[in-house]
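One structure is given below, encoded as structure tokens.
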Amino acid sequence: MAREAWQQLGGAQWPNLKEVDLYECFRNAGEGAEEAMRAVASAAGSLEKLVLNDCRKMGQEAWSHLGAVAWPNLREAGLGWCFCDSGDGAEQALSVLASASRLEQLNLAECYRNRPEAWSKLQGAQWQQLRVANLAYCFCS
């Protein structure tokens, strides 16, 4: 989708949004990712499911919108393949996950470009309800 289409979200506020699925929306290009993530961040307090699998072209700037708020109700996070081309933004993304105390399902498959600084953002995460975690190929070179 062209950046112009995503720009239509400019200033969108979704305080009651429960689920977001942007699977592969930013697989081949990151244009519009900042606008989309700004709108998604407006739902941080209510969001329960966030699917961004294979959004590998989202840049650091887009991810930074997610890391600025807490995600107390997030139960499912799909970030598989987001960091297989680059680790840019991984620190912000993993900070989001660390604040998600109700997390039940986590997909970080093939996020092998995450640097140690990014993984360290998960220290202290309290995921007592975590049932499923996919970390396949995360620690391959």
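As shown in the structure tokens, the chain order sets the letters A, B, ...; within each chain, residues go from 1, and ligands are also counted from 1 in the order they appear.
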Report task. Pick out the residues sitting within 6 Å of Asn134 (chain A), and hand them over as a list in words; count only C-alpha atoms, and ignore anything fewer than 6 positions along from it in its own chain. Result -> Asn107, Leu108 and Ala109 of chain A
How about saving the chosen residues, N, CA and C atoms kept, as a tab-separated table (two decimals), in the first residue's frame?
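Writing done, so here's part18.tsv:
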chain	number	residue	atom	x	y	z
A	107	ASN	N	5.46	-14.71	19.29
A	107	ASN	CA	6.15	-15.22	18.10
A	107	ASN	C	7.25	-14.25	17.74
A	108	LEU	N	8.49	-14.70	17.90
A	108	LEU	CA	9.67	-13.95	17.47
A	108	LEU	C	10.50	-14.78	16.50
A	109	ALA	N	9.87	-15.72	15.84
A	109	ALA	CA	10.60	-16.63	14.94
A	109	ALA	C	11.46	-15.87	13.94
Report task. Tell me which protein, DNA and RNA residues are within 9 Å of Ala125 (chain A), counting only C-alpha atoms, leaving out same-chain ones fewer than 5 positions away, and put them as a PyMOL selection string. Result -> chain A and resi 97-101
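Using only C-alpha atoms, the contacts of Glu48 (chain A) at a cut-off of 9 Å, with sequence neighbours closer than 6 positions omitted, comprise Leu17, Lys18, Glu19, Val20, Trp71, Pro72, Asn73, Leu74, Arg75, Glu76, Ala77, Arg102 and Leu103 of chain A.
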Write out, as a compact mmCIF listing (two decimals), in the first residue's frame, the residues just selected, with N, CA and C atoms.
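Writing the result to result-v9.txt gives the following:
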# COMPACT_ATOMS: atom_id res chain seq x y z
N LEU A 17 -9.40 -0.09 20.61
CA LEU A 17 -9.01 -1.15 19.68
C LEU A 17 -8.45 -2.35 20.45
N LYS A 18 -8.91 -3.55 20.11
CA LYS A 18 -8.47 -4.77 20.80
C LYS A 18 -7.47 -5.58 19.98
N GLU A 19 -7.61 -5.59 18.65
CA GLU A 19 -6.75 -6.42 17.81
C GLU A 19 -6.25 -5.64 16.60
N VAL A 20 -4.98 -5.87 16.28
CA VAL A 20 -4.36 -5.30 15.08
C VAL A 20 -3.66 -6.42 14.35
N TRP A 71 1.90 -1.52 27.57
CA TRP A 71 0.94 -2.42 26.92
C TRP A 71 0.40 -3.42 27.94
N PRO A 72 -0.38 -2.97 28.92
CA PRO A 72 -0.78 -3.82 30.04
C PRO A 72 -1.73 -4.95 29.68
N ASN A 73 -2.47 -4.86 28.59
CA ASN A 73 -3.45 -5.89 28.25
C ASN A 73 -3.04 -6.77 27.08
N LEU A 74 -1.84 -6.57 26.55
CA LEU A 74 -1.40 -7.35 25.40
C LEU A 74 -1.26 -8.82 25.79
N ARG A 75 -1.97 -9.68 25.07
CA ARG A 75 -1.96 -11.12 25.35
C ARG A 75 -1.25 -11.91 24.25
N GLU A 76 -1.28 -11.39 23.04
CA GLU A 76 -0.67 -12.11 21.91
C GLU A 76 0.14 -11.13 21.07
N ALA A 77 1.39 -11.50 20.82
CA ALA A 77 2.27 -10.65 20.01
C ALA A 77 2.93 -11.49 18.94
N ARG A 102 0.54 -9.54 30.77
CA ARG A 102 -0.48 -10.56 30.53
C ARG A 102 -0.20 -11.40 29.29
N LEU A 103 0.99 -11.30 28.76
CA LEU A 103 1.34 -11.99 27.52
C LEU A 103 1.16 -13.51 27.66
Residues at most 9 Å from Gly89 (chain A), counting only C-alpha atoms, excluding those fewer than 6 positions away in the same chain, as a PDB file with N, CA and C atoms, in the first residue's frame?
ATOM      1  N   MET A  58       9.877  -2.360   8.344  1.00  0.00           N
ATOM      2  CA  MET A  58       9.561  -1.246   9.246  1.00  0.00           C
ATOM      3  C   MET A  58      10.870  -0.724   9.822  1.00  0.00           C
ATOM      4  N   GLY A  59      11.069   0.567   9.772  1.00  0.00           N
ATOM      5  CA  GLY A  59      12.310   1.149  10.269  1.00  0.00           C
ATOM      6  C   GLY A  59      12.256   1.495  11.745  1.00  0.00           C
ATOM      7  N   GLN A  60      13.393   1.910  12.234  1.00  0.00           N
ATOM      8  CA  GLN A  60      13.539   2.295  13.643  1.00  0.00           C
ATOM      9  C   GLN A  60      12.505   3.344  14.047  1.00  0.00           C
ATOM     10  N   GLU A  61      12.240   4.301  13.172  1.00  0.00           N
ATOM     11  CA  GLU A  61      11.296   5.372  13.491  1.00  0.00           C
ATOM     12  C   GLU A  61       9.898   4.821  13.744  1.00  0.00           C
ATOM     13  N   ALA A  62       9.471   3.870  12.935  1.00  0.00           N
ATOM     14  CA  ALA A  62       8.142   3.272  13.116  1.00  0.00           C
ATOM     15  C   ALA A  62       8.073   2.520  14.439  1.00  0.00           C
ATOM     16  N   TRP A  63       9.075   1.722  14.733  1.00  0.00           N
ATOM     17  CA  TRP A  63       9.082   0.958  15.985  1.00  0.00           C
ATOM     18  C   TRP A  63       9.112   1.883  17.194  1.00  0.00           C
ATOM     19  N   SER A  64       9.738   3.041  17.061  1.00  0.00           N
ATOM     20  CA  SER A  64       9.852   3.943  18.210  1.00  0.00           C
ATOM     21  C   SER A  64       8.491   4.403  18.723  1.00  0.00           C
ATOM     22  N   PHE A  83      12.637  -9.050  12.301  1.00  0.00           N
ATOM     23  CA  PHE A  83      14.034  -8.666  12.445  1.00  0.00           C
ATOM     24  C   PHE A  83      14.960  -9.705  11.822  1.00  0.00           C
ATOM     25  N   ASN A 114      18.359  -9.544  15.863  1.00  0.00           N
ATOM     26  CA  ASN A 114      18.272  -8.849  17.155  1.00  0.00           C
ATOM     27  C   ASN A 114      19.659  -8.856  17.794  1.00  0.00           C
ATOM     28  N   ALA A 118      19.111  -5.480  22.332  1.00  0.00           N
ATOM     29  CA  ALA A 118      17.659  -5.640  22.174  1.00  0.00           C
ATOM     30  C   ALA A 118      17.138  -6.731  23.105  1.00  0.00           C
TER      31      ALA A 118
END
**Report entry** Residue contacts of Ala43 (chain A) (9 Å, only C-alpha atoms) excluding same-chain residues fewer than 2 positions away, as an MDAnalysis selection string
**Finding:** chainID A and resid 13:18 39:41 45:47 71
With N, CA, C and O atoms retained, could you export that selection as a tab-separated table (two decimals), in the first residue's frame?
chain	number	residue	atom	x	y	z
A	13	GLN	N	-6.82	8.07	16.44
A	13	GLN	CA	-6.81	7.64	17.84
A	13	GLN	C	-7.81	6.49	17.99
A	13	GLN	O	-8.98	6.65	17.68
A	14	TRP	N	-7.31	5.35	18.43
A	14	TRP	CA	-8.15	4.16	18.59
A	14	TRP	C	-8.06	3.65	20.02
A	14	TRP	O	-7.53	2.56	20.27
A	15	PRO	N	-8.57	4.35	20.99
A	15	PRO	CA	-8.37	3.96	22.39
A	15	PRO	C	-9.08	2.66	22.79
A	15	PRO	O	-8.74	2.10	23.83
A	16	ASN	N	-10.02	2.17	22.00
A	16	ASN	CA	-10.74	0.94	22.35
A	16	ASN	C	-10.38	-0.25	21.47
A	16	ASN	O	-11.00	-1.31	21.59
A	17	LEU	N	-9.40	-0.09	20.61
A	17	LEU	CA	-9.01	-1.15	19.68
A	17	LEU	C	-8.45	-2.35	20.45
A	17	LEU	O	-7.62	-2.18	21.35
A	18	LYS	N	-8.91	-3.55	20.11
A	18	LYS	CA	-8.47	-4.77	20.80
A	18	LYS	C	-7.47	-5.58	19.98
A	18	LYS	O	-6.60	-6.23	20.55
A	39	ALA	N	-0.76	5.18	14.99
A	39	ALA	CA	-2.18	4.86	15.26
A	39	ALA	C	-2.30	3.65	16.18
A	39	ALA	O	-3.11	3.65	17.11
A	40	VAL	N	-1.47	2.63	15.94
A	40	VAL	CA	-1.50	1.44	16.80
A	40	VAL	C	-1.13	1.82	18.24
A	40	VAL	O	-1.75	1.34	19.19
A	41	ALA	N	-0.16	2.68	18.41
A	41	ALA	CA	0.28	3.08	19.75
A	41	ALA	C	-0.85	3.77	20.52
A	41	ALA	O	-0.89	3.70	21.74
A	45	GLY	N	-3.33	0.94	25.62
A	45	GLY	CA	-4.01	0.56	26.86
A	45	GLY	C	-5.05	-0.52	26.70
A	45	GLY	O	-5.34	-1.27	27.63
A	46	SER	N	-5.61	-0.66	25.50
A	46	SER	CA	-6.68	-1.64	25.28
A	46	SER	C	-6.27	-2.82	24.41
A	46	SER	O	-6.94	-3.85	24.41
A	47	LEU	N	-5.17	-2.69	23.69
A	47	LEU	CA	-4.78	-3.72	22.72
A	47	LEU	C	-4.47	-5.05	23.38
A	47	LEU	O	-3.72	-5.12	24.34
A	71	TRP	N	1.90	-1.52	27.57
A	71	TRP	CA	0.94	-2.42	26.92
A	71	TRP	C	0.40	-3.42	27.94
A	71	TRP	O	0.65	-4.61	27.86
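A straight line drawn from CA of Ala90 (chain A) to CA of Leu52 (chain A) is 12.6 Å long.
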Query - Contacts of region 2-5 of chain A at 12 Å (only C-alpha atoms; same-chain gap of 5+ positions) as an MDAnalysis selection string - result: chainID A and resid 10 25:26 28:36
Print the selection's residues with N, CA, C and O atoms to a file, as a PDB file, in the first residue's frame.
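The resulting out.pdb:
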ATOM      1  N   GLY A  10      -3.283   9.760   9.649  1.00  0.00           N
ATOM      2  CA  GLY A  10      -2.696  10.882  10.382  1.00  0.00           C
ATOM      3  C   GLY A  10      -3.515  11.319  11.576  1.00  0.00           C
ATOM      4  O   GLY A  10      -4.649  11.756  11.441  1.00  0.00           O
ATOM      5  N   CYS A  25       2.229  -6.403   5.866  1.00  0.00           N
ATOM      6  CA  CYS A  25       1.959  -5.079   5.289  1.00  0.00           C
ATOM      7  C   CYS A  25       3.237  -4.314   4.974  1.00  0.00           C
ATOM      8  O   CYS A  25       3.258  -3.504   4.054  1.00  0.00           O
ATOM      9  N   PHE A  26       4.284  -4.589   5.724  1.00  0.00           N
ATOM     10  CA  PHE A  26       5.549  -3.891   5.507  1.00  0.00           C
ATOM     11  C   PHE A  26       6.662  -4.899   5.227  1.00  0.00           C
ATOM     12  O   PHE A  26       7.781  -4.747   5.680  1.00  0.00           O
ATOM     13  N   ASN A  28       7.820  -5.739   2.058  1.00  0.00           N
ATOM     14  CA  ASN A  28       8.688  -5.328   0.960  1.00  0.00           C
ATOM     15  C   ASN A  28       9.088  -3.865   1.008  1.00  0.00           C
ATOM     16  O   ASN A  28      10.043  -3.467   0.359  1.00  0.00           O
ATOM     17  N   ALA A  29       8.355  -3.062   1.738  1.00  0.00           N
ATOM     18  CA  ALA A  29       8.658  -1.633   1.847  1.00  0.00           C
ATOM     19  C   ALA A  29       8.114  -1.109   3.170  1.00  0.00           C
ATOM     20  O   ALA A  29       7.108  -1.598   3.667  1.00  0.00           O
ATOM     21  N   GLY A  30       8.788  -0.099   3.710  1.00  0.00           N
ATOM     22  CA  GLY A  30       8.381   0.444   4.994  1.00  0.00           C
ATOM     23  C   GLY A  30       7.581   1.730   4.909  1.00  0.00           C
ATOM     24  O   GLY A  30       7.245   2.313   5.933  1.00  0.00           O
ATOM     25  N   GLU A  31       7.263   2.161   3.691  1.00  0.00           N
ATOM     26  CA  GLU A  31       6.512   3.407   3.553  1.00  0.00           C
ATOM     27  C   GLU A  31       5.156   3.303   4.254  1.00  0.00           C
ATOM     28  O   GLU A  31       4.403   2.378   4.012  1.00  0.00           O
ATOM     29  N   GLY A  32       4.892   4.258   5.103  1.00  0.00           N
ATOM     30  CA  GLY A  32       3.631   4.293   5.825  1.00  0.00           C
ATOM     31  C   GLY A  32       3.670   3.619   7.187  1.00  0.00           C
ATOM     32  O   GLY A  32       2.719   3.724   7.962  1.00  0.00           O
ATOM     33  N   ALA A  33       4.760   2.948   7.496  1.00  0.00           N
ATOM     34  CA  ALA A  33       4.846   2.231   8.770  1.00  0.00           C
ATOM     35  C   ALA A  33       4.780   3.181   9.961  1.00  0.00           C
ATOM     36  O   ALA A  33       4.164   2.853  10.982  1.00  0.00           O
ATOM     37  N   GLU A  34       5.383   4.347   9.839  1.00  0.00           N
ATOM     38  CA  GLU A  34       5.333   5.294  10.949  1.00  0.00           C
ATOM     39  C   GLU A  34       3.906   5.716  11.261  1.00  0.00           C
ATOM     40  O   GLU A  34       3.498   5.758  12.425  1.00  0.00           O
ATOM     41  N   GLU A  35       3.144   6.024  10.222  1.00  0.00           N
ATOM     42  CA  GLU A  35       1.750   6.431  10.420  1.00  0.00           C
ATOM     43  C   GLU A  35       0.936   5.306  11.046  1.00  0.00           C
ATOM     44  O   GLU A  35       0.148   5.518  11.957  1.00  0.00           O
ATOM     45  N   ALA A  36       1.157   4.095  10.558  1.00  0.00           N
ATOM     46  CA  ALA A  36       0.423   2.940  11.090  1.00  0.00           C
ATOM     47  C   ALA A  36       0.771   2.688  12.550  1.00  0.00           C
ATOM     48  O   ALA A  36      -0.116   2.480  13.384  1.00  0.00           O
TER      49      ALA A  36
END
Requested in this report: Find the spatial neighbours of Leu66 (chain A), counting only C-alpha atoms, within a cut-off of 7 Å - ignore same-chain residues fewer than 3 positions away - and output them as a PyMOL selection string.
Outcome: chain A and resi 37+41+63+69+92-93+96
**Report entry** Those in chain A with alpha helix (DSSP H) from DSSP, as an NGL selection string
**Finding:** :A and (3-7 or 33-41 or 60-66 or 90-98 or 116-119)
**Report entry** DSSP-assigned strand (DSSP E or B) members of chain A, reported as a ChimeraX atom specification
**Finding:** /A:19-21,49-51,76-78,105-107,132-134
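Reported to one decimal place, the separation of CA of Asp88 (chain A) from CA of Arg115 (chain A) is 9.2 Å.
When only C-alpha atoms are used to compute distances to Asp21 (chain A), the closest of the residues A:Cys55, A:Ala44, A:Ala70, A:Leu9 turns out to be A:Cys55.
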